[in-house]
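*Asks:* Just one file: model13.cif, with mmCIF, C-alpha atoms (C1' of nucleotides).
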data_final
loop_
_atom_site.label_atom_id
_atom_site.label_comp_id
_atom_site.auth_asym_id
_atom_site.auth_seq_id
_atom_site.Cartn_x
_atom_site.Cartn_y
_atom_site.Cartn_z
CA MET A 1 37.63 -29.30 -2.45
CA LEU A 2 39.89 -26.38 -1.97
CA GLN A 3 40.36 -23.10 -3.71
CA MET A 4 42.78 -20.24 -3.36
CA LYS A 5 42.17 -16.80 -4.69
CA MET A 6 44.44 -13.80 -5.08
CA ILE A 7 43.28 -10.35 -6.02
CA TYR A 8 45.57 -7.41 -6.55
CA LEU A 9 44.18 -3.92 -6.22
CA THR A 10 45.64 -0.57 -7.06
CA GLU A 11 44.76 2.60 -5.10
CA GLU A 12 42.84 3.85 -8.06
CA ASN A 13 40.70 0.75 -8.22
CA ILE A 14 39.76 1.10 -4.61
CA VAL A 15 38.65 4.71 -4.96
CA ASN A 16 36.40 3.81 -7.87
CA ILE A 17 34.81 0.77 -6.33
CA ASN A 18 32.84 2.68 -3.73
CA SER A 19 31.28 5.10 -6.14
CA ALA A 20 30.63 2.36 -8.68
CA LEU A 21 28.92 0.30 -6.02
CA ASN A 22 26.87 3.30 -5.04
CA GLU A 23 25.76 3.97 -8.57
CA LEU A 24 24.90 0.34 -9.26
CA LEU A 25 22.80 0.03 -6.16
CA VAL A 26 20.93 3.26 -6.89
CA VAL A 27 20.11 2.13 -10.41
CA LEU A 28 19.04 -1.31 -9.27
CA PHE A 29 16.84 0.17 -6.58
CA ARG A 30 15.14 2.56 -8.88
CA ASP A 31 14.42 0.16 -11.72
CA ILE A 32 14.11 -3.26 -10.19
CA ASN A 33 10.35 -3.50 -9.99
CA GLU A 34 9.61 -1.84 -13.25
CA ILE A 35 11.98 -4.11 -15.12
CA GLU A 36 10.70 -7.20 -13.40
CA GLU A 37 7.15 -6.25 -14.31
CA LYS A 38 8.03 -5.73 -17.94
CA ALA A 39 9.98 -8.97 -18.10
CA VAL A 40 7.13 -10.99 -16.66
CA ARG A 41 4.25 -9.42 -18.58
CA THR A 42 4.89 -11.15 -21.85
CA GLY A 43 2.95 -13.37 -24.23
CA GLN A 44 0.04 -15.10 -22.54
CA TYR A 45 0.71 -13.15 -19.32
CA LYS A 46 0.12 -9.77 -20.93
CA ASN A 47 -3.06 -9.16 -18.96
CA MET A 48 -1.39 -9.77 -15.60
CA THR A 49 -0.53 -6.68 -13.58
CA ALA A 50 2.47 -6.41 -11.25
CA ASN A 51 -0.02 -6.62 -8.45
CA ASP A 52 -1.47 -9.85 -9.79
CA MET A 53 2.02 -11.34 -9.81
CA HIS A 54 2.63 -10.41 -6.21
CA VAL A 55 -0.62 -11.94 -5.08
CA ILE A 56 0.04 -15.12 -7.04
CA GLU A 57 3.49 -15.34 -5.50
CA ALA A 58 2.07 -14.85 -2.02
CA ILE A 59 -0.54 -17.58 -2.47
CA GLY A 60 2.12 -19.95 -3.73
CA ILE A 61 1.80 -23.49 -4.92
CA ASN A 62 1.58 -25.29 -1.58
CA GLY A 63 -2.16 -25.59 -1.20
CA ALA A 64 -4.84 -23.13 -0.12
CA LYS A 65 -4.33 -20.13 2.18
CA ASN A 66 -6.90 -17.96 3.89
CA MET A 67 -7.39 -14.31 3.05
CA SER A 68 -5.93 -12.93 6.27
CA ALA A 69 -2.70 -14.85 5.89
CA VAL A 70 -2.18 -13.74 2.31
CA ALA A 71 -3.06 -10.14 3.15
CA LYS A 72 -0.57 -10.17 5.99
CA ALA A 73 2.15 -11.61 3.77
CA LEU A 74 1.50 -8.84 1.27
CA ASN A 75 1.20 -6.11 3.87
CA VAL A 76 -2.22 -4.98 2.71
CA THR A 77 -5.67 -4.91 4.32
CA THR A 78 -8.04 -7.78 3.72
CA GLY A 79 -10.31 -5.30 1.94
CA THR A 80 -7.60 -4.59 -0.55
CA LEU A 81 -6.91 -8.28 -1.03
CA THR A 82 -10.60 -9.06 -1.59
CA ILE A 83 -10.56 -6.73 -4.58
CA ALA A 84 -7.32 -8.19 -5.95
CA ILE A 85 -8.71 -11.71 -5.59
CA ASN A 86 -11.94 -10.72 -7.32
CA SER A 87 -9.90 -9.77 -10.34
CA LEU A 88 -7.69 -12.87 -10.23
CA VAL A 89 -10.72 -15.13 -9.95
CA LYS A 90 -12.29 -13.41 -12.93
CA LYS A 91 -9.08 -13.94 -14.91
CA ASN A 92 -9.06 -17.56 -13.79
CA TYR A 93 -5.71 -17.46 -11.98
CA VAL A 94 -7.18 -18.11 -8.52
CA GLU A 95 -9.85 -20.28 -7.00
CA ARG A 96 -11.83 -19.14 -3.95
CA VAL A 97 -13.66 -21.57 -1.68
CA ARG A 98 -15.29 -21.11 1.71
CA SER A 99 -13.80 -23.30 4.41
CA GLU A 100 -16.00 -26.13 5.68
CA GLU A 101 -14.40 -26.14 9.13
CA ASP A 102 -14.91 -22.45 9.77
CA ARG A 103 -17.48 -20.87 7.49
CA ARG A 104 -16.07 -17.37 8.09
CA VAL A 105 -12.84 -18.34 6.38
CA VAL A 106 -12.22 -18.07 2.65
CA LEU A 107 -9.48 -20.21 1.15
CA VAL A 108 -7.66 -19.12 -1.98
CA SER A 109 -5.44 -21.27 -4.15
CA LEU A 110 -3.92 -21.17 -7.62
CA THR A 111 -5.70 -22.72 -10.58
CA PRO A 112 -3.58 -24.64 -13.11
CA LYS A 113 -3.33 -21.37 -15.05
CA GLY A 114 -2.29 -19.61 -11.83
CA ARG A 115 0.39 -22.19 -11.16
CA LYS A 116 1.73 -21.75 -14.66
CA ALA A 117 1.96 -18.02 -14.04
CA PHE A 118 3.73 -18.69 -10.75
CA TYR A 119 6.38 -20.75 -12.47
CA HIS A 120 6.71 -18.19 -15.24
CA HIS A 121 7.52 -15.55 -12.65
CA LYS A 122 9.84 -17.89 -10.78
CA LYS A 123 11.74 -18.49 -13.99
CA PHE A 124 12.58 -14.80 -14.19
CA HIS A 125 14.19 -14.99 -10.77
CA ASP A 126 15.97 -18.24 -11.54
CA ASP A 127 17.36 -16.93 -14.81
CA MET A 128 18.59 -13.83 -13.10
CA ILE A 129 20.35 -15.74 -10.39
CA ASP A 130 21.84 -18.21 -12.85
CA GLN A 131 23.25 -15.40 -14.87
CA ILE A 132 24.90 -13.81 -11.86
CA VAL A 133 26.13 -17.03 -10.39
CA GLU A 134 27.66 -18.42 -13.55
CA GLN A 135 30.01 -15.43 -13.69
CA LEU A 136 31.38 -16.15 -10.23
CA ASP A 137 33.63 -18.85 -8.89
CA GLU A 138 32.91 -20.39 -5.52
CA PRO A 139 34.89 -18.01 -3.31
CA GLU A 140 33.29 -15.11 -5.11
CA LYS A 141 29.85 -16.56 -4.49
CA ALA A 142 30.67 -16.74 -0.81
CA VAL A 143 31.60 -13.08 -0.82
CA LEU A 144 28.42 -12.12 -2.62
CA GLU A 145 26.39 -14.05 -0.12
CA LYS A 146 28.06 -12.15 2.68
CA ALA A 147 27.33 -8.81 1.04
CA LEU A 148 23.70 -9.66 0.41
CA THR A 149 23.29 -10.89 3.96
CA THR A 150 24.58 -7.54 5.15
CA LEU A 151 22.10 -5.81 2.89
CA ALA A 152 19.24 -7.96 4.15
CA GLU A 153 20.32 -7.20 7.71
CA PHE A 154 20.33 -3.48 6.97
CA PHE A 155 16.76 -3.74 5.73
CA LYS A 156 15.59 -5.81 8.66
CA ASN A 157 16.79 -3.09 11.01
CA LYS A 158 14.93 -0.44 9.05
CA LYS A 159 11.67 -2.35 9.03
CA MET B 1 48.67 -1.44 -2.02
CA LEU B 2 48.28 -5.16 -2.35
CA GLN B 3 46.03 -7.72 -0.81
CA MET B 4 45.91 -11.46 -0.91
CA LYS B 5 42.86 -13.48 -0.01
CA MET B 6 42.40 -17.19 0.55
CA ILE B 7 39.07 -18.87 0.99
CA TYR B 8 38.61 -22.56 1.65
CA LEU B 9 35.31 -24.16 0.74
CA THR B 10 33.88 -27.55 1.52
CA GLU B 11 31.50 -29.32 -0.88
CA GLU B 12 28.66 -28.71 1.49
CA ASN B 13 29.27 -24.98 1.54
CA ILE B 14 29.13 -24.83 -2.20
CA VAL B 15 25.80 -26.60 -2.43
CA ASN B 16 24.26 -24.19 0.06
CA ILE B 17 25.61 -21.01 -1.41
CA ASN B 18 23.50 -21.17 -4.53
CA SER B 19 20.23 -21.62 -2.74
CA ALA B 20 21.17 -19.04 -0.13
CA LEU B 21 21.98 -16.56 -2.84
CA ASN B 22 18.72 -17.33 -4.49
CA GLU B 23 16.73 -16.74 -1.35
CA LEU B 24 18.52 -13.52 -0.49
CA LEU B 25 17.97 -12.03 -3.90
CA VAL B 26 14.30 -12.97 -3.87
CA VAL B 27 13.77 -11.35 -0.48
CA LEU B 28 15.65 -8.23 -1.47
CA PHE B 29 13.64 -7.93 -4.66
CA ARG B 30 10.35 -8.35 -2.98
CA ASP B 31 10.90 -5.89 -0.14
CA ILE B 32 13.33 -3.30 -1.45
CA ASN B 33 10.87 -0.60 -2.40
CA GLU B 34 8.57 -1.05 0.52
CA ILE B 35 11.43 -0.85 2.97
CA GLU B 36 12.97 2.11 1.28
CA GLU B 37 9.67 3.93 1.39
CA LYS B 38 9.22 3.23 5.09
CA ALA B 39 12.78 4.27 5.85
CA VAL B 40 12.40 7.57 4.06
CA ARG B 41 8.93 8.50 5.28
CA THR B 42 9.93 9.61 8.73
CA GLY B 43 9.52 12.76 10.78
CA GLN B 44 8.97 15.82 8.63
CA TYR B 45 8.82 13.65 5.50
CA LYS B 46 5.76 11.71 6.65
CA ASN B 47 3.56 13.20 3.96
CA MET B 48 5.93 12.23 1.13
CA THR B 49 4.97 9.22 -0.92
CA ALA B 50 7.39 6.85 -2.63
CA ASN B 51 6.27 8.45 -5.83
CA ASP B 52 7.13 11.93 -4.58
CA MET B 53 10.61 10.71 -3.72
CA HIS B 54 11.20 9.34 -7.18
CA VAL B 55 10.11 12.57 -8.82
CA ILE B 56 12.28 14.62 -6.48
CA GLU B 57 15.22 12.36 -7.25
CA ALA B 58 14.61 12.72 -10.99
CA ILE B 59 14.46 16.50 -10.81
CA GLY B 60 17.67 16.55 -8.82
CA ILE B 61 19.56 19.48 -7.41
CA ASN B 62 21.32 20.72 -10.53
CA GLY B 63 18.95 23.44 -11.65
CA ALA B 64 15.61 23.32 -13.46
CA LYS B 65 14.47 20.62 -15.86
CA ASN B 66 11.57 20.63 -18.25
CA MET B 67 8.60 18.30 -17.88
CA SER B 68 9.40 16.08 -20.86
CA ALA B 69 12.91 15.35 -19.64
CA VAL B 70 11.74 14.43 -16.16
CA ALA B 71 8.88 12.32 -17.50
CA LYS B 72 11.28 10.46 -19.76
CA ALA B 73 13.71 9.84 -16.90
CA LEU B 74 10.86 8.42 -14.85
CA ASN B 75 9.38 6.43 -17.71
CA VAL B 76 5.93 7.97 -17.37
CA THR B 77 3.78 10.12 -19.67
CA THR B 78 3.87 13.88 -19.26
CA GLY B 79 0.22 13.72 -18.26
CA THR B 80 1.16 11.52 -15.36
CA LEU B 81 3.99 13.81 -14.40
CA THR B 82 1.77 16.89 -14.51
CA ILE B 83 -0.39 15.36 -11.81
CA ALA B 84 2.61 14.36 -9.70
CA ILE B 85 4.06 17.85 -10.00
CA ASN B 86 0.72 19.42 -9.04
CA SER B 87 0.91 17.54 -5.78
CA LEU B 88 4.57 18.36 -5.15
CA VAL B 89 3.98 22.05 -5.82
CA LYS B 90 1.06 22.02 -3.41
CA LYS B 91 3.29 20.40 -0.78
CA ASN B 92 5.97 22.97 -1.54
CA TYR B 93 8.68 20.54 -2.63
CA VAL B 94 8.79 21.76 -6.22
CA GLU B 95 8.64 25.06 -8.06
CA ARG B 96 7.13 25.32 -11.53
CA VAL B 97 7.90 28.19 -13.90
CA ARG B 98 7.18 28.71 -17.55
CA SER B 99 10.28 29.18 -19.67
CA GLU B 100 10.83 32.66 -21.06
CA GLU B 101 12.75 31.39 -24.08
CA ASP B 102 10.07 28.95 -25.16
CA ARG B 103 6.69 29.62 -23.61
CA ARG B 104 5.52 26.07 -24.27
CA VAL B 105 8.11 24.72 -21.87
CA VAL B 106 7.54 24.34 -18.13
CA LEU B 107 10.61 24.20 -15.91
CA VAL B 108 10.51 22.39 -12.59
CA SER B 109 13.08 22.65 -9.82
CA LEU B 110 13.35 21.77 -6.17
CA THR B 111 12.48 24.32 -3.49
CA PRO B 112 14.73 24.51 -0.40
CA LYS B 113 12.30 22.06 1.22
CA GLY B 114 12.57 19.83 -1.87
CA ARG B 115 16.36 19.91 -1.73
CA LYS B 116 16.28 18.93 1.92
CA ALA B 117 14.07 15.97 1.01
CA PHE B 118 16.46 15.06 -1.78
CA TYR B 119 19.37 14.89 0.64
CA HIS B 120 17.29 12.99 3.16
CA HIS B 121 16.59 10.34 0.56
CA LYS B 122 20.20 10.32 -0.58
CA LYS B 123 21.27 9.72 2.99
CA PHE B 124 19.29 6.50 3.05
CA HIS B 125 21.23 5.24 0.07
CA ASP B 126 24.54 6.42 1.45
CA ASP B 127 23.93 4.83 4.83
CA MET B 128 22.98 1.59 3.17
CA ILE B 129 26.07 1.49 1.05
CA ASP B 130 28.31 2.46 3.94
CA GLN B 131 26.88 -0.31 6.02
CA ILE B 132 27.50 -2.88 3.33
CA VAL B 133 30.88 -1.60 2.35
CA GLU B 134 32.31 -1.32 5.83
CA GLN B 135 31.78 -5.06 6.29
CA LEU B 136 33.81 -5.91 3.20
CA ASP B 137 37.47 -5.66 2.43
CA GLU B 138 38.62 -4.42 -0.93
CA PRO B 139 38.73 -7.72 -2.83
CA GLU B 140 35.28 -8.47 -1.52
CA LYS B 141 33.99 -5.13 -2.75
CA ALA B 142 35.38 -5.96 -6.16
CA VAL B 143 33.39 -9.19 -6.20
CA LEU B 144 30.22 -7.43 -5.16
CA GLU B 145 30.71 -4.90 -7.88
CA LYS B 146 31.15 -7.67 -10.41
CA ALA B 147 27.93 -9.33 -9.28
CA LEU B 148 25.95 -6.10 -9.37
CA THR B 149 27.29 -5.27 -12.79
CA THR B 150 26.10 -8.64 -14.00
CA LEU B 151 22.72 -7.96 -12.46
CA ALA B 152 22.50 -4.54 -14.11
CA GLU B 153 23.48 -6.16 -17.38
CA PHE B 154 20.77 -8.78 -16.96
CA PHE B 155 18.24 -5.99 -16.53
CA LYS B 156 19.47 -4.00 -19.45
CA ASN B 157 18.93 -6.99 -21.72
CA LYS B 158 15.40 -7.46 -20.42
CA LYS B 159 14.44 -3.84 -20.97
"C1'" DA C 1 -28.36 -17.22 25.19
"C1'" DA C 2 -26.27 -12.70 24.67
"C1'" DA C 3 -22.06 -10.34 23.94
"C1'" DA C 4 -17.62 -10.21 22.05
"C1'" DA C 5 -14.40 -11.55 18.73
"C1'" DT C 6 -13.06 -13.01 14.19
"C1'" DA C 7 -12.98 -13.32 8.90
"C1'" DA C 8 -14.18 -11.48 4.99
"C1'" DT C 9 -16.77 -8.26 1.88
"C1'" DT C 10 -18.66 -3.86 0.61
"C1'" DG C 11 -18.78 1.12 -0.05
"C1'" DG C 12 -16.75 5.54 -0.36
"C1'" DA C 13 -12.89 8.42 -1.11
"C1'" DG C 14 -8.21 9.36 -2.57
"C1'" DT C 15 -3.98 8.28 -5.69
"C1'" DT C 16 -1.78 7.04 -9.62
"C1'" DT C 17 -1.70 5.59 -14.09
"C1'" DC C 18 -2.52 5.89 -19.23
"C1'" DA C 19 -4.53 7.28 -23.69
"C1'" DA C 20 -6.69 10.64 -26.11
"C1'" DA C 21 -8.27 15.24 -26.72
"C1'" DG C 22 -7.44 20.08 -26.02
"C1'" DT C 23 -4.59 24.51 -25.55
"C1'" DA C 24 -0.78 27.40 -26.40
"C1'" DT C 25 3.31 28.27 -28.70
"C1'" DT C 26 6.99 27.65 -32.03
"C1'" DT C 27 8.84 25.91 -36.34
"C1'" DT C 28 8.52 24.72 -41.10
"C1'" DC C 29 8.07 25.69 -45.83
"C1'" DA C 30 5.37 26.90 -49.97
"C1'" DT D 1 4.25 35.85 -44.73
"C1'" DG D 2 0.99 33.01 -43.05
"C1'" DA D 3 -1.15 28.40 -43.00
"C1'" DA D 4 0.04 23.75 -41.57
"C1'" DA D 5 2.72 20.84 -38.80
"C1'" DA D 6 5.19 19.97 -34.82
"C1'" DT D 7 6.10 20.48 -29.98
"C1'" DA D 8 5.22 20.99 -24.86
"C1'" DC D 9 2.21 20.66 -21.65
"C1'" DT D 10 -2.47 20.15 -19.31
"C1'" DT D 11 -6.96 18.23 -18.94
"C1'" DT D 12 -10.33 14.64 -19.08
"C1'" DG D 13 -12.17 10.10 -18.50
"C1'" DA D 14 -11.54 5.45 -17.28
"C1'" DA D 15 -9.22 1.72 -14.93
"C1'" DA D 16 -6.49 -0.14 -11.14
"C1'" DC D 17 -5.16 -0.07 -6.41
"C1'" DT D 18 -5.20 1.59 -1.84
"C1'" DC D 19 -7.17 2.52 2.79
"C1'" DC D 20 -10.67 3.14 6.42
"C1'" DA D 21 -15.01 2.32 8.26
"C1'" DA D 22 -19.32 -0.05 8.10
"C1'" DT D 23 -21.60 -4.38 7.35
"C1'" DT D 24 -22.51 -9.44 7.17
"C1'" DA D 25 -21.78 -13.98 8.65
"C1'" DT D 26 -19.95 -17.06 11.78
"C1'" DT D 27 -17.61 -18.71 15.88
"C1'" DT D 28 -16.04 -18.18 20.63
"C1'" DT D 29 -16.54 -16.51 25.22
"C1'" DT D 30 -18.86 -15.79 29.39
#
Represent the structure contained in this file as structure tokens.
*Replies:*
Amino acid sequence: MLQMKMIYLTEENIVNINSALNELLVVLFRDINEIEEKAVRTGQYKNMTANDMHVIEAIGINGAKNMSAVAKALNVTTGTLTIAINSLVKKNYVERVRSEEDRRVVLVSLTPKGRKAFYHHKKFHDDMIDQIVEQLDEPEKAVLEKALTTLAEFFKNKK
Amino acid sequence: MLQMKMIYLTEENIVNINSALNELLVVLFRDINEIEEKAVRTGQYKNMTANDMHVIEAIGINGAKNMSAVAKALNVTTGTLTIAINSLVKKNYVERVRSEEDRRVVLVSLTPKGRKAFYHHKKFHDDMIDQIVEQLDEPEKAVLEKALTTLAEFFKNKK
DNA sequence: AAAAATAATTGGAGTTTCAAAGTATTTTCA
DNA sequence: TGAAAATACTTTGAAACTCCAATTATTTTT
């Protein structure tokens, strides 16, 4: 497969692109989480908080994880996670069992309801990406990937 | 000015781009706010929370704004904003004066210290955009803008 | 064994949030 | 004009989330 792409730019276009980019990124930064939360907290997931979603995402659907690992992934203390898990267990999104191999360890995993919530959240991401990607041809996707990689790199350095 | 760009893609590249894009966006979404907060809370701004930054950004540097307008811009109740402003006044980032024209109205504006914080935060955004933009040529910037516009559009529909 | 280390929970204190009630002021209109 | 309604903001009370430090239970080290 082979593609060729030509883009013609005027001076005026170029001047505007930088400030447009700036504005877009600022808006996205400011609203991203809020919008995601609103989009995900619908229907049967009304009683899930943004925090609940993050914890569910961190536990994931690949079997049980211990508290320390999940807390580390979320960048919170285990004390904080204990409280979050208490609430998720009460709401029946998460199951909590003590490890047989090491009785100090507590393993958390998603219940069927928790897994459904996980996929519901994932769908938001997938839809978003689909919508972006379907507007772009392959060379454009390659460019976007490059830009996002740069962005990710910028963040990694700041961390 | 005129530019011409050619990109050749193999089948394999194309398959990987979608999943790479997906992963990048997910990572950016998850970490954006946390990283921004860490990047901004340095040196003399150590005692500023992410919340403080948002309020300072919403007040801006173009004169005083009343509480309702700022609360609306931030998508919080005025009660919530009152508490945030209490803290910012105590920390000397914000000044609060009652309007002479309408004594019900409270006007908030940034102190010199608040304006410095505003520019400090702005610098983070500017640096980030510079770093991305300097890696891209003009046609590439146009593609990035297109993708971000799509993303912003996606959000607007979800709101 | 006793001491040290590890994993998680608990308790206390501080923020941030909202909804609802309260206060002060201005506008409406009868 | 002056009572009622509307507006702008603050306060209060309750819930959610956070951390740090203390505690409990268990395992590892020496």
*Asks:* Please provide chain A as a compact mmCIF listing (two decimals) with C-alpha atoms, keeping the file's coordinate frame, once it has been superposed on chain B by least squares across all sequentially paired Cα atoms.
*Replies:*
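Result file selection-v5.txt:
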# COMPACT_ATOMS: atom_id res chain seq x y z
CA MET A 1 49.00 -1.45 -2.11
CA LEU A 2 48.66 -5.15 -2.37
CA GLN A 3 46.37 -7.70 -0.85
CA MET A 4 46.16 -11.45 -0.94
CA LYS A 5 43.09 -13.40 -0.06
CA MET A 6 42.53 -17.10 0.53
CA ILE A 7 39.15 -18.71 0.92
CA TYR A 8 38.61 -22.36 1.65
CA LEU A 9 35.31 -23.94 0.75
CA THR A 10 33.85 -27.30 1.59
CA GLU A 11 31.45 -29.13 -0.77
CA GLU A 12 28.65 -28.47 1.62
CA ASN A 13 29.27 -24.75 1.61
CA ILE A 14 29.11 -24.65 -2.14
CA VAL A 15 25.78 -26.45 -2.32
CA ASN A 16 24.24 -24.02 0.14
CA ILE A 17 25.54 -20.86 -1.43
CA ASN A 18 23.38 -21.09 -4.53
CA SER A 19 20.14 -21.56 -2.70
CA ALA A 20 21.06 -18.93 -0.12
CA LEU A 21 21.83 -16.49 -2.89
CA ASN A 22 18.53 -17.32 -4.51
CA GLU A 23 16.58 -16.75 -1.35
CA LEU A 24 18.34 -13.49 -0.54
CA LEU A 25 17.72 -12.07 -3.97
CA VAL A 26 14.05 -13.04 -3.91
CA VAL A 27 13.54 -11.38 -0.54
CA LEU A 28 15.40 -8.26 -1.58
CA PHE A 29 13.39 -8.03 -4.78
CA ARG A 30 10.10 -8.39 -3.08
CA ASP A 31 10.67 -5.94 -0.25
CA ILE A 32 13.12 -3.38 -1.52
CA ASN A 33 10.71 -0.64 -2.46
CA GLU A 34 8.39 -1.06 0.44
CA ILE A 35 11.22 -0.91 2.93
CA GLU A 36 12.80 2.06 1.25
CA GLU A 37 9.49 3.90 1.34
CA LYS A 38 9.01 3.21 5.02
CA ALA A 39 12.56 4.21 5.84
CA VAL A 40 12.26 7.52 4.03
CA ARG A 41 8.79 8.52 5.19
CA THR A 42 9.76 9.59 8.65
CA GLY A 43 9.45 12.72 10.77
CA GLN A 44 8.96 15.84 8.68
CA TYR A 45 8.74 13.71 5.51
CA LYS A 46 5.67 11.81 6.67
CA ASN A 47 3.44 13.40 4.06
CA MET A 48 5.71 12.42 1.17
CA THR A 49 4.59 9.44 -0.89
CA ALA A 50 6.97 6.99 -2.58
CA ASN A 51 5.95 8.63 -5.80
CA ASP A 52 6.89 12.06 -4.51
CA MET A 53 10.35 10.74 -3.66
CA HIS A 54 10.86 9.35 -7.12
CA VAL A 55 9.89 12.60 -8.76
CA ILE A 56 12.13 14.60 -6.44
CA GLU A 57 15.00 12.26 -7.23
CA ALA A 58 14.39 12.60 -10.95
CA ILE A 59 14.36 16.40 -10.81
CA GLY A 60 17.58 16.38 -8.84
CA ILE A 61 19.55 19.24 -7.45
CA ASN A 62 21.32 20.42 -10.60
CA GLY A 63 19.00 23.18 -11.70
CA ALA A 64 15.66 23.17 -13.51
CA LYS A 65 14.42 20.47 -15.90
CA ASN A 66 11.49 20.54 -18.27
CA MET A 67 8.46 18.32 -17.86
CA SER A 68 9.19 16.06 -20.82
CA ALA A 69 12.68 15.25 -19.63
CA VAL A 70 11.55 14.38 -16.13
CA ALA A 71 8.63 12.32 -17.43
CA LYS A 72 10.96 10.40 -19.70
CA ALA A 73 13.39 9.74 -16.86
CA LEU A 74 10.52 8.40 -14.78
CA ASN A 75 8.96 6.43 -17.61
CA VAL A 76 5.57 8.06 -17.27
CA THR A 77 3.45 10.26 -19.54
CA THR A 78 3.65 14.01 -19.20
CA GLY A 79 0.00 13.93 -18.13
CA THR A 80 0.89 11.75 -15.21
CA LEU A 81 3.81 13.97 -14.29
CA THR A 82 1.67 17.12 -14.43
CA ILE A 83 -0.52 15.66 -11.70
CA ALA A 84 2.46 14.59 -9.58
CA ILE A 85 3.99 18.05 -9.92
CA ASN A 86 0.71 19.70 -8.97
CA SER A 87 0.86 17.86 -5.69
CA LEU A 88 4.55 18.56 -5.09
CA VAL A 89 4.06 22.25 -5.78
CA LYS A 90 1.17 22.34 -3.34
CA LYS A 91 3.37 20.67 -0.71
CA ASN A 92 6.10 23.17 -1.49
CA TYR A 93 8.74 20.64 -2.59
CA VAL A 94 8.87 21.85 -6.21
CA GLU A 95 8.81 25.13 -8.05
CA ARG A 96 7.27 25.42 -11.52
CA VAL A 97 8.13 28.25 -13.90
CA ARG A 98 7.37 28.77 -17.58
CA SER A 99 10.47 29.10 -19.73
CA GLU A 100 11.15 32.55 -21.17
CA GLU A 101 12.97 31.18 -24.21
CA ASP A 102 10.21 28.82 -25.25
CA ARG A 103 6.86 29.64 -23.68
CA ARG A 104 5.56 26.10 -24.28
CA VAL A 105 8.12 24.71 -21.87
CA VAL A 106 7.61 24.39 -18.13
CA LEU A 107 10.68 24.16 -15.93
CA VAL A 108 10.56 22.38 -12.60
CA SER A 109 13.14 22.57 -9.85
CA LEU A 110 13.43 21.73 -6.17
CA THR A 111 12.65 24.31 -3.51
CA PRO A 112 14.93 24.44 -0.45
CA LYS A 113 12.46 22.07 1.22
CA GLY A 114 12.63 19.82 -1.86
CA ARG A 115 16.41 19.78 -1.76
CA LYS A 116 16.32 18.83 1.89
CA ALA A 117 14.04 15.93 1.02
CA PHE A 118 16.40 14.93 -1.77
CA TYR A 119 19.32 14.72 0.61
CA HIS A 120 17.22 12.88 3.17
CA HIS A 121 16.49 10.21 0.58
CA LYS A 122 20.10 10.14 -0.57
CA LYS A 123 21.18 9.53 2.99
CA PHE A 124 19.18 6.31 3.05
CA HIS A 125 21.13 5.06 0.05
CA ASP A 126 24.45 6.23 1.44
CA ASP A 127 23.85 4.60 4.80
CA MET A 128 22.92 1.38 3.12
CA ILE A 129 26.01 1.32 0.99
CA ASP A 130 28.25 2.28 3.90
CA GLN A 131 26.88 -0.56 5.92
CA ILE A 132 27.55 -3.08 3.19
CA VAL A 133 30.92 -1.73 2.27
CA GLU A 134 32.30 -1.53 5.78
CA GLN A 135 31.85 -5.29 6.14
CA LEU A 136 34.00 -5.99 3.10
CA ASP A 137 37.70 -5.71 2.48
CA GLU A 138 38.95 -4.37 -0.82
CA PRO A 139 39.14 -7.63 -2.78
CA GLU A 140 35.66 -8.47 -1.59
CA LYS A 141 34.39 -5.11 -2.77
CA ALA A 142 35.84 -5.84 -6.18
CA VAL A 143 33.96 -9.12 -6.29
CA LEU A 144 30.72 -7.47 -5.26
CA GLU A 145 31.15 -4.88 -7.95
CA LYS A 146 31.57 -7.63 -10.50
CA ALA A 147 28.43 -9.40 -9.33
CA LEU A 148 26.36 -6.24 -9.38
CA THR A 149 27.65 -5.35 -12.82
CA THR A 150 26.48 -8.75 -14.00
CA LEU A 151 23.10 -8.11 -12.45
CA ALA A 152 22.85 -4.69 -14.07
CA GLU A 153 23.81 -6.27 -17.39
CA PHE A 154 21.10 -8.90 -16.98
CA PHE A 155 18.54 -6.15 -16.47
CA LYS A 156 19.75 -4.09 -19.39
CA ASN A 157 19.19 -7.06 -21.67
CA LYS A 158 15.67 -7.53 -20.36
CA LYS A 159 14.72 -3.91 -20.84
*Asks:* Taking only C-alpha atoms (C1' of nucleotides) into account, produce a table as a tab-separated table in which each residue of chain D with an atom at most 8 Å from an atom of chain A appears once, together with its shortest atom pair and the distance in Å to one decimal, ordered by chain and rising number.
*Replies:*
residue	atom	partner	partner_atom	distance
D:DC17	C1'	A:Thr80	CA	7.8
D:DT18	C1'	A:Thr80	CA	6.8
D:DC19	C1'	A:Thr77	CA	7.7
D:DA25	C1'	A:Arg104	CA	6.7
D:DT26	C1'	A:Arg104	CA	5.4
D:DT27	C1'	A:Asp102	CA	7.7
*Asks:* What residues in chain C lie within 12 Å of chain B, counting all atoms listed in the file, written as a PyMOL selection string?
*Replies:* chain C and resi 15-20+23-27
*Asks:* Can you write just those residues out, C-alpha atoms (C1' of nucleotides), as a PDB file, keeping the file's coordinate frame?
*Replies:*
ATOM      1  C1'  DT C  15      -3.980   8.280  -5.690  1.00  0.00           C
ATOM      2  C1'  DT C  16      -1.780   7.040  -9.620  1.00  0.00           C
ATOM      3  C1'  DT C  17      -1.700   5.590 -14.090  1.00  0.00           C
ATOM      4  C1'  DC C  18      -2.520   5.890 -19.230  1.00  0.00           C
ATOM      5  C1'  DA C  19      -4.530   7.280 -23.690  1.00  0.00           C
ATOM      6  C1'  DA C  20      -6.690  10.640 -26.110  1.00  0.00           C
ATOM      7  C1'  DT C  23      -4.590  24.510 -25.550  1.00  0.00           C
ATOM      8  C1'  DA C  24      -0.780  27.400 -26.400  1.00  0.00           C
ATOM      9  C1'  DT C  25       3.310  28.270 -28.700  1.00  0.00           C
ATOM     10  C1'  DT C  26       6.990  27.650 -32.030  1.00  0.00           C
ATOM     11  C1'  DT C  27       8.840  25.910 -36.340  1.00  0.00           C
TER      12       DT C  27
END
